[in-house]
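Visitor: Take a look at the following structure, please.
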Amino acid sequence: MRRLDVIDQALFHRIAVSERPFGAGSRVGHWLRRAGHAADHGKLWFGTAAVLGAVGGRSGRRAALRGVSALALASYTANVAAKQLTRRPRPLLDAVPVARRLLRQPVTTSFPSGHSASAAAFATAVAIESPAVAAVVAPVALAVGVSRVYTGAHHPSDVLAGFALGSAIAALTLRWWPRSSDLRPAAGPARRPAPVLTEGQGLSVVVNSGSGSGALTTYGPEETVAVLRDLLPRAEVRLCGPDDDLPALLAEAADRAAAAGGALGVCGGDGSVNLAAGLAVERNLPLAVFPGGTLNHFAVDLGIQDFEATADAVTAGSACGVDLGLATDGTSQRYFLNTFSLGVYPELVRLRESLEGRMGKWPALAGATAKVLVNGEPVTVRAGGRDRQLWLLFAGNGAYDPPGFAPTHRTGLADGLLDVRVVDGGRPFARTRLAAAFLSGTLARSRVYHAARLRGLDLEGLGDADRMAVDGESLPAAGPLRLAKSARALTVYRPSAD
């Protein structure tokens, strides 16, 4: 430890005390102070994630999500968990004029640097998904770490420890969120007969202009319509604008497709596809999915990456059958193609929806996530004759991979099972125990986490769980609630294995 202190003092003197090149009036010093200030409360990284989500394409969106997730975990681990174990004082600020001005109220706990942990976590997570983008982000993360020494907030070893912690946590995200290149291809569901729609004859498509930040943002709504008409010139393509009623337009399109003996098509995100899937299965119509949303989970699990893949399947009559999940509560029933949840996630979705009109989707998601992590509370539901407190109840339409708290993709879409995962909120320190198990890779043995593959699940009452999330949409909920698979499978166009 004495040797470490000597090294710390030497590096601290060079960076924080020397006048050149880091003097108070120098250009380098100016930019270091700005970098450190911009990183306060993660503002710099949330802003970067918002830009990546808006203009970075699919890899950029994945990088943004992984970066924000790693940042949140690293910030919690460094600032809440690790700093409780150490009481290392901050550097002597009297030796640093700049630091005296910037840090008027020094905090006693210095090790490790939370700013550095967050910066390294975000940069490493981005590098996992997009090395080219990381080449830009990494120097900024390094500057944030150096700024913590320059302003006298941390010893150099605090920053190095923060970098190591943040990088390790970002690497750990691969345990529950594999890179897209590492995923097994989706298992082909059983082939089902579907009409061959030459040039799209008989296909009625609705394009939701309000869907996410995917292809609709890349092309623009009008250009998206033009692209679809070029691919399928005999299809009927209609744009749903901001003032239009999407469910009504989809119902009209389904009626026209049924009269023509054709198929219903939808271009949008998972919420739009959910609405179209319910109409298609009720009218016994095949569904054509054109991925136009932010993440397009269902389309990706089907093996559909772009409009051309769907157009080829439509003109070839290549289709398969997939399961539909069904959530039936005290007032209605809702289909789900991907996931259903109760607990903190529906609240996160509700907050995101309330903020995104002012902030945009990605900053709203980041803000909602931070608020839920700090202020979220478990909900009480009744199951098996007794009340249970839950942070989260997740039910996937089909078996998801990887096992654990954060499933990301399916390798099968017609297995007849619900993938149910529960985070118990009734045990002492449930949130802390969950985080520890998650980071240590022992989640499967944690007493706050439970998982099972079921054909159905009954909840006798929902208590204070008044909202549910269905395919990423937050909706009112009422008990009792039954989760099961629909007796009617959905026929959906899908490129052939060939």
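Order determines the names: the first chain of the structure tokens is A, the second B, and so forth; residues in each chain are numbered 1 upward, and ligands are numbered 1 upward as they are shown.
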Each residue of stretch 250-360 of chain A with at least one atom at most 8 Å from stretch 191-211 of chain A should appear once, together with its nearest atom pair and the corresponding distance in Å (one decimal); atoms considered: only C-alpha atoms; ordering: chain, then increasing residue number; output as a tab-separated table.

Guide:
residue	atom	partner	partner_atom	distance
A:Leu250	CA	A:Val206	CA	6.4
A:Ala253	CA	A:Ser204	CA	5.5
A:Ala254	CA	A:Ser204	CA	7.1
A:Arg256	CA	A:Ser204	CA	7.0
A:Ala257	CA	A:Ser204	CA	5.7
A:Ala260	CA	A:Gly202	CA	5.5
A:Gly261	CA	A:Gly202	CA	6.5
A:Gly262	CA	A:Gly202	CA	4.2
A:Ala263	CA	A:Leu203	CA	4.9
A:Leu264	CA	A:Ser204	CA	5.2
A:Gly265	CA	A:Val205	CA	4.1
A:Val266	CA	A:Val206	CA	5.0
A:Cys267	CA	A:Val207	CA	4.6
A:Gly268	CA	A:Ser211	CA	5.2
A:Gly269	CA	A:Ser211	CA	5.5
A:Ser272	CA	A:Asn208	CA	7.2
A:Pro286	CA	A:Ala194	CA	6.6
A:Gly292	CA	A:Ser211	CA	6.8
A:Gly293	CA	A:Ser211	CA	5.1
A:Thr294	CA	A:Ser211	CA	7.3
A:Ala311	CA	A:Gly200	CA	7.8
A:Val314	CA	A:Leu197	CA	5.9
A:Thr315	CA	A:Leu197	CA	4.9
A:Ala316	CA	A:Val196	CA	5.6
A:Gly317	CA	A:Val196	CA	4.1
A:Ser318	CA	A:Ala194	CA	6.8
A:Ala319	CA	A:Arg192	CA	5.5
A:Cys320	CA	A:Arg191	CA	4.2
A:Gly321	CA	A:Arg192	CA	5.9

Visitor: Mind checking which residues fall within 10 Å of A:Gln333, counting only C-alpha atoms, ignoring those fewer than 6 positions away in the same chain, and posting them as JSON, numbers by chain?

Guide: {"A": [326, 327, 481, 482, 483]}

Visitor: Using DSSP secondary structure from the backbone, list all strand (DSSP E) positions within stretch 119-313 of chain A, as a ChimeraX atom specification.

Guide: /A:203-208,236-240,263-268,287-291

Visitor: Near stretch 282-284 of chain A, counting only C-alpha atoms, which residues have an atom at most 9 Å away, once you skip same-chain residues fewer than 6 positions from it, shown as a PDB file with N, CA, C and O atoms, in the first residue's frame?

Guide:
ATOM      1  N   ALA A 254     -57.172  -5.597 -42.793  1.00  0.00           N
ATOM      2  CA  ALA A 254     -57.433  -7.032 -42.623  1.00  0.00           C
ATOM      3  C   ALA A 254     -58.713  -7.446 -43.341  1.00  0.00           C
ATOM      4  O   ALA A 254     -58.770  -8.519 -43.966  1.00  0.00           O
ATOM      5  N   ASP A 255     -59.726  -6.609 -43.278  1.00  0.00           N
ATOM      6  CA  ASP A 255     -60.985  -6.924 -43.973  1.00  0.00           C
ATOM      7  C   ASP A 255     -60.775  -6.969 -45.487  1.00  0.00           C
ATOM      8  O   ASP A 255     -61.312  -7.854 -46.175  1.00  0.00           O
ATOM      9  N   ALA A 258     -58.843 -10.157 -46.362  1.00  0.00           N
ATOM     10  CA  ALA A 258     -59.697 -11.347 -46.284  1.00  0.00           C
ATOM     11  C   ALA A 258     -60.609 -11.438 -47.494  1.00  0.00           C
ATOM     12  O   ALA A 258     -60.816 -12.522 -48.057  1.00  0.00           O
ATOM     13  N   ARG A 488     -55.017 -21.001 -31.250  1.00  0.00           N
ATOM     14  CA  ARG A 488     -54.870 -20.768 -32.690  1.00  0.00           C
ATOM     15  C   ARG A 488     -53.484 -20.208 -32.974  1.00  0.00           C
ATOM     16  O   ARG A 488     -53.075 -19.191 -32.414  1.00  0.00           O
ATOM     17  N   LEU A 490     -50.463 -18.553 -35.348  1.00  0.00           N
ATOM     18  CA  LEU A 490     -50.369 -17.486 -36.353  1.00  0.00           C
ATOM     19  C   LEU A 490     -49.522 -17.968 -37.523  1.00  0.00           C
ATOM     20  O   LEU A 490     -48.449 -18.529 -37.329  1.00  0.00           O
ATOM     21  N   THR A 491     -50.044 -17.762 -38.729  1.00  0.00           N
ATOM     22  CA  THR A 491     -49.248 -18.035 -39.934  1.00  0.00           C
ATOM     23  C   THR A 491     -48.553 -16.748 -40.346  1.00  0.00           C
ATOM     24  O   THR A 491     -49.184 -15.700 -40.507  1.00  0.00           O
TER      25      THR A 491
END

Visitor: Which residue gives the smallest distance to A:Tyr345 among A:Ala469, A:Arg388, A:Leu279, A:Glu252, with only C-alpha atoms counted?

Guide: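 Checking each candidate against A:Tyr345, we get A:Ala469 as the closest.
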
Visitor: For A:Ser75, which of A:Pro131, A:Gly166, A:Leu32, A:Ala478 is the closest residue, counting only C-alpha atoms?

Guide: A:Gly166

Visitor: To one decimal place in Å, what is the distance between atom CA of A:Gly416 and atom CA of A:Gly398?

Guide: 6.8 Å

Visitor: I'd like the interatomic distance between atom CA of A:Val423 and atom CA of A:Gly114, to a tenth of an Å.

Guide: 27.0 Å

Visitor: Which residue gives the smallest distance to A:Gly412 among A:Val300, A:Ala132, A:Val349, A:Ala123, with only C-alpha atoms counted?

Guide: A:Val300

Visitor: With only C-alpha atoms as the basis for distance, which of A:Ser474, A:Ser110, A:Asn296, A:Thr151 is at the shortest distance from A:Arg352?

Guide: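 Smallest separation from A:Arg352 among the options: A:Ser474.
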
Visitor: I need the residue nearest A:Gly325 from this list: A:Ala49, A:Ala143, A:Ala277, A:Ala54. Use only C-alpha atoms for the distance.

Guide: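 Checking each candidate against A:Gly325, we get A:Ala277 as the closest.
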
Visitor: Name the residues in contact with A:Asp471 at a cut-off of 9 Å, using only C-alpha atoms, excluding same-chain residues fewer than 4 positions from it; report them as a PDB file with N, CA and C atoms, in the first residue's frame.

Guide:
ATOM      1  N   ASP A 270     -42.567  -3.714 -32.664  1.00  0.00           N
ATOM      2  CA  ASP A 270     -43.224  -4.876 -32.086  1.00  0.00           C
ATOM      3  C   ASP A 270     -44.641  -4.581 -31.613  1.00  0.00           C
ATOM      4  N   GLY A 271     -44.907  -3.359 -31.142  1.00  0.00           N
ATOM      5  CA  GLY A 271     -46.262  -3.013 -30.737  1.00  0.00           C
ATOM      6  C   GLY A 271     -47.227  -3.028 -31.914  1.00  0.00           C
ATOM      7  N   ASN A 274     -47.833  -6.587 -32.970  1.00  0.00           N
ATOM      8  CA  ASN A 274     -48.749  -7.232 -32.023  1.00  0.00           C
ATOM      9  C   ASN A 274     -50.203  -7.000 -32.415  1.00  0.00           C
ATOM     10  N   TYR A 335     -53.153 -10.639 -26.898  1.00  0.00           N
ATOM     11  CA  TYR A 335     -52.122 -11.523 -27.425  1.00  0.00           C
ATOM     12  C   TYR A 335     -50.747 -10.918 -27.162  1.00  0.00           C
ATOM     13  N   PHE A 336     -49.748 -11.770 -27.043  1.00  0.00           N
ATOM     14  CA  PHE A 336     -48.370 -11.273 -27.054  1.00  0.00           C
ATOM     15  C   PHE A 336     -47.510 -12.213 -27.888  1.00  0.00           C
ATOM     16  N   LEU A 337     -46.752 -11.589 -28.787  1.00  0.00           N
ATOM     17  CA  LEU A 337     -45.833 -12.319 -29.657  1.00  0.00           C
ATOM     18  C   LEU A 337     -44.489 -12.568 -28.987  1.00  0.00           C
ATOM     19  N   ASN A 338     -44.076 -11.635 -28.146  1.00  0.00           N
ATOM     20  CA  ASN A 338     -42.749 -11.705 -27.533  1.00  0.00           C
ATOM     21  C   ASN A 338     -42.834 -11.933 -26.038  1.00  0.00           C
ATOM     22  N   THR A 339     -43.215 -10.894 -25.306  1.00  0.00           N
ATOM     23  CA  THR A 339     -43.120 -10.975 -23.851  1.00  0.00           C
ATOM     24  C   THR A 339     -44.295 -10.306 -23.157  1.00  0.00           C
ATOM     25  N   PHE A 340     -44.537 -10.784 -21.945  1.00  0.00           N
ATOM     26  CA  PHE A 340     -45.508 -10.191 -21.016  1.00  0.00           C
ATOM     27  C   PHE A 340     -44.772  -9.955 -19.706  1.00  0.00           C
ATOM     28  N   SER A 341     -45.112  -8.868 -18.994  1.00  0.00           N
ATOM     29  CA  SER A 341     -44.473  -8.665 -17.694  1.00  0.00           C
ATOM     30  C   SER A 341     -45.348  -7.842 -16.764  1.00  0.00           C
TER      31      SER A 341
END

Visitor: Find the residues near stretch 169-175 of chain A: any atom within 8 Å, counting only C-alpha atoms, skip ones fewer than 5 places away on the same chain, and give them as a PDB file with N, CA, C and O atoms, in the first residue's frame.

Guide:
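Output below, filename around-v9.pdb:
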ATOM      1  N   ARG A  66     -26.596  -1.693 -24.664  1.00  0.00           N
ATOM      2  CA  ARG A  66     -25.597  -2.376 -23.849  1.00  0.00           C
ATOM      3  C   ARG A  66     -24.803  -1.353 -23.029  1.00  0.00           C
ATOM      4  O   ARG A  66     -24.470  -1.592 -21.866  1.00  0.00           O
ATOM      5  N   GLY A  67     -24.482  -0.208 -23.640  1.00  0.00           N
ATOM      6  CA  GLY A  67     -23.737   0.817 -22.924  1.00  0.00           C
ATOM      7  C   GLY A  67     -24.485   1.354 -21.723  1.00  0.00           C
ATOM      8  O   GLY A  67     -23.918   1.492 -20.636  1.00  0.00           O
ATOM      9  N   ALA A  70     -24.646  -1.393 -18.985  1.00  0.00           N
ATOM     10  CA  ALA A  70     -23.370  -1.542 -18.285  1.00  0.00           C
ATOM     11  C   ALA A  70     -23.086  -0.340 -17.394  1.00  0.00           C
ATOM     12  O   ALA A  70     -22.581  -0.481 -16.274  1.00  0.00           O
ATOM     13  N   LEU A  71     -23.408   0.845 -17.882  1.00  0.00           N
ATOM     14  CA  LEU A  71     -23.205   2.062 -17.090  1.00  0.00           C
ATOM     15  C   LEU A  71     -24.004   2.000 -15.792  1.00  0.00           C
ATOM     16  O   LEU A  71     -23.495   2.325 -14.710  1.00  0.00           O
ATOM     17  N   LEU A  73     -25.134  -0.607 -14.139  1.00  0.00           N
ATOM     18  CA  LEU A  73     -24.569  -1.607 -13.238  1.00  0.00           C
ATOM     19  C   LEU A  73     -23.258  -1.128 -12.623  1.00  0.00           C
ATOM     20  O   LEU A  73     -23.008  -1.303 -11.423  1.00  0.00           O
ATOM     21  N   ALA A  74     -22.405  -0.523 -13.440  1.00  0.00           N
ATOM     22  CA  ALA A  74     -21.117  -0.057 -12.937  1.00  0.00           C
ATOM     23  C   ALA A  74     -21.287   1.075 -11.935  1.00  0.00           C
ATOM     24  O   ALA A  74     -20.590   1.128 -10.907  1.00  0.00           O
ATOM     25  N   ALA A 121     -17.233   1.378 -18.423  1.00  0.00           N
ATOM     26  CA  ALA A 121     -18.320   0.440 -18.703  1.00  0.00           C
ATOM     27  C   ALA A 121     -19.002   0.801 -20.014  1.00  0.00           C
ATOM     28  O   ALA A 121     -19.261  -0.070 -20.861  1.00  0.00           O
ATOM     29  N   PHE A 122     -19.291   2.081 -20.203  1.00  0.00           N
ATOM     30  CA  PHE A 122     -19.971   2.490 -21.433  1.00  0.00           C
ATOM     31  C   PHE A 122     -19.083   2.257 -22.646  1.00  0.00           C
ATOM     32  O   PHE A 122     -19.524   1.693 -23.658  1.00  0.00           O
ATOM     33  N   THR A 124     -16.498   0.211 -23.049  1.00  0.00           N
ATOM     34  CA  THR A 124     -16.263  -1.210 -23.316  1.00  0.00           C
ATOM     35  C   THR A 124     -17.500  -1.863 -23.907  1.00  0.00           C
ATOM     36  O   THR A 124     -17.408  -2.681 -24.836  1.00  0.00           O
ATOM     37  N   ALA A 125     -18.668  -1.508 -23.385  1.00  0.00           N
ATOM     38  CA  ALA A 125     -19.913  -2.070 -23.918  1.00  0.00           C
ATOM     39  C   ALA A 125     -20.111  -1.666 -25.372  1.00  0.00           C
ATOM     40  O   ALA A 125     -20.537  -2.480 -26.206  1.00  0.00           O
ATOM     41  N   PRO A 402     -30.326 -15.990 -23.289  1.00  0.00           N
ATOM     42  CA  PRO A 402     -29.764 -17.018 -22.420  1.00  0.00           C
ATOM     43  C   PRO A 402     -30.560 -17.137 -21.139  1.00  0.00           C
ATOM     44  O   PRO A 402     -31.409 -16.280 -20.855  1.00  0.00           O
ATOM     45  N   LEU A 439     -24.071 -10.321 -11.046  1.00  0.00           N
ATOM     46  CA  LEU A 439     -22.687 -10.004 -11.372  1.00  0.00           C
ATOM     47  C   LEU A 439     -21.749 -11.185 -11.145  1.00  0.00           C
ATOM     48  O   LEU A 439     -20.728 -11.308 -11.828  1.00  0.00           O
ATOM     49  N   GLY A 441     -22.549 -14.351 -11.544  1.00  0.00           N
ATOM     50  CA  GLY A 441     -22.882 -15.503 -12.371  1.00  0.00           C
ATOM     51  C   GLY A 441     -23.550 -16.638 -11.611  1.00  0.00           C
ATOM     52  O   GLY A 441     -23.570 -17.770 -12.082  1.00  0.00           O
TER      53      GLY A 441
END

Visitor: Give me the residues near stretch 157-160 of chain A as a compact mmCIF listing (two decimals) with C-alpha atoms, in the first residue's frame, where near means some atom within 7 Å (using only C-alpha atoms) and where sequence neighbours in that chain fewer than 5 positions away do not count.

Guide:
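Generated output (around_15.txt):
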# COMPACT_ATOMS: atom_id res chain seq x y z
CA ASP A 8 -0.29 7.93 -6.56
CA SER A 110 -12.55 8.15 -2.90
CA PHE A 111 -12.08 4.51 -3.96
CA PRO A 112 -13.02 3.57 -6.65
CA SER A 113 -13.86 6.42 -9.02
CA SER A 116 -14.25 6.29 -14.29
CA GLY A 145 -10.84 9.47 -15.90
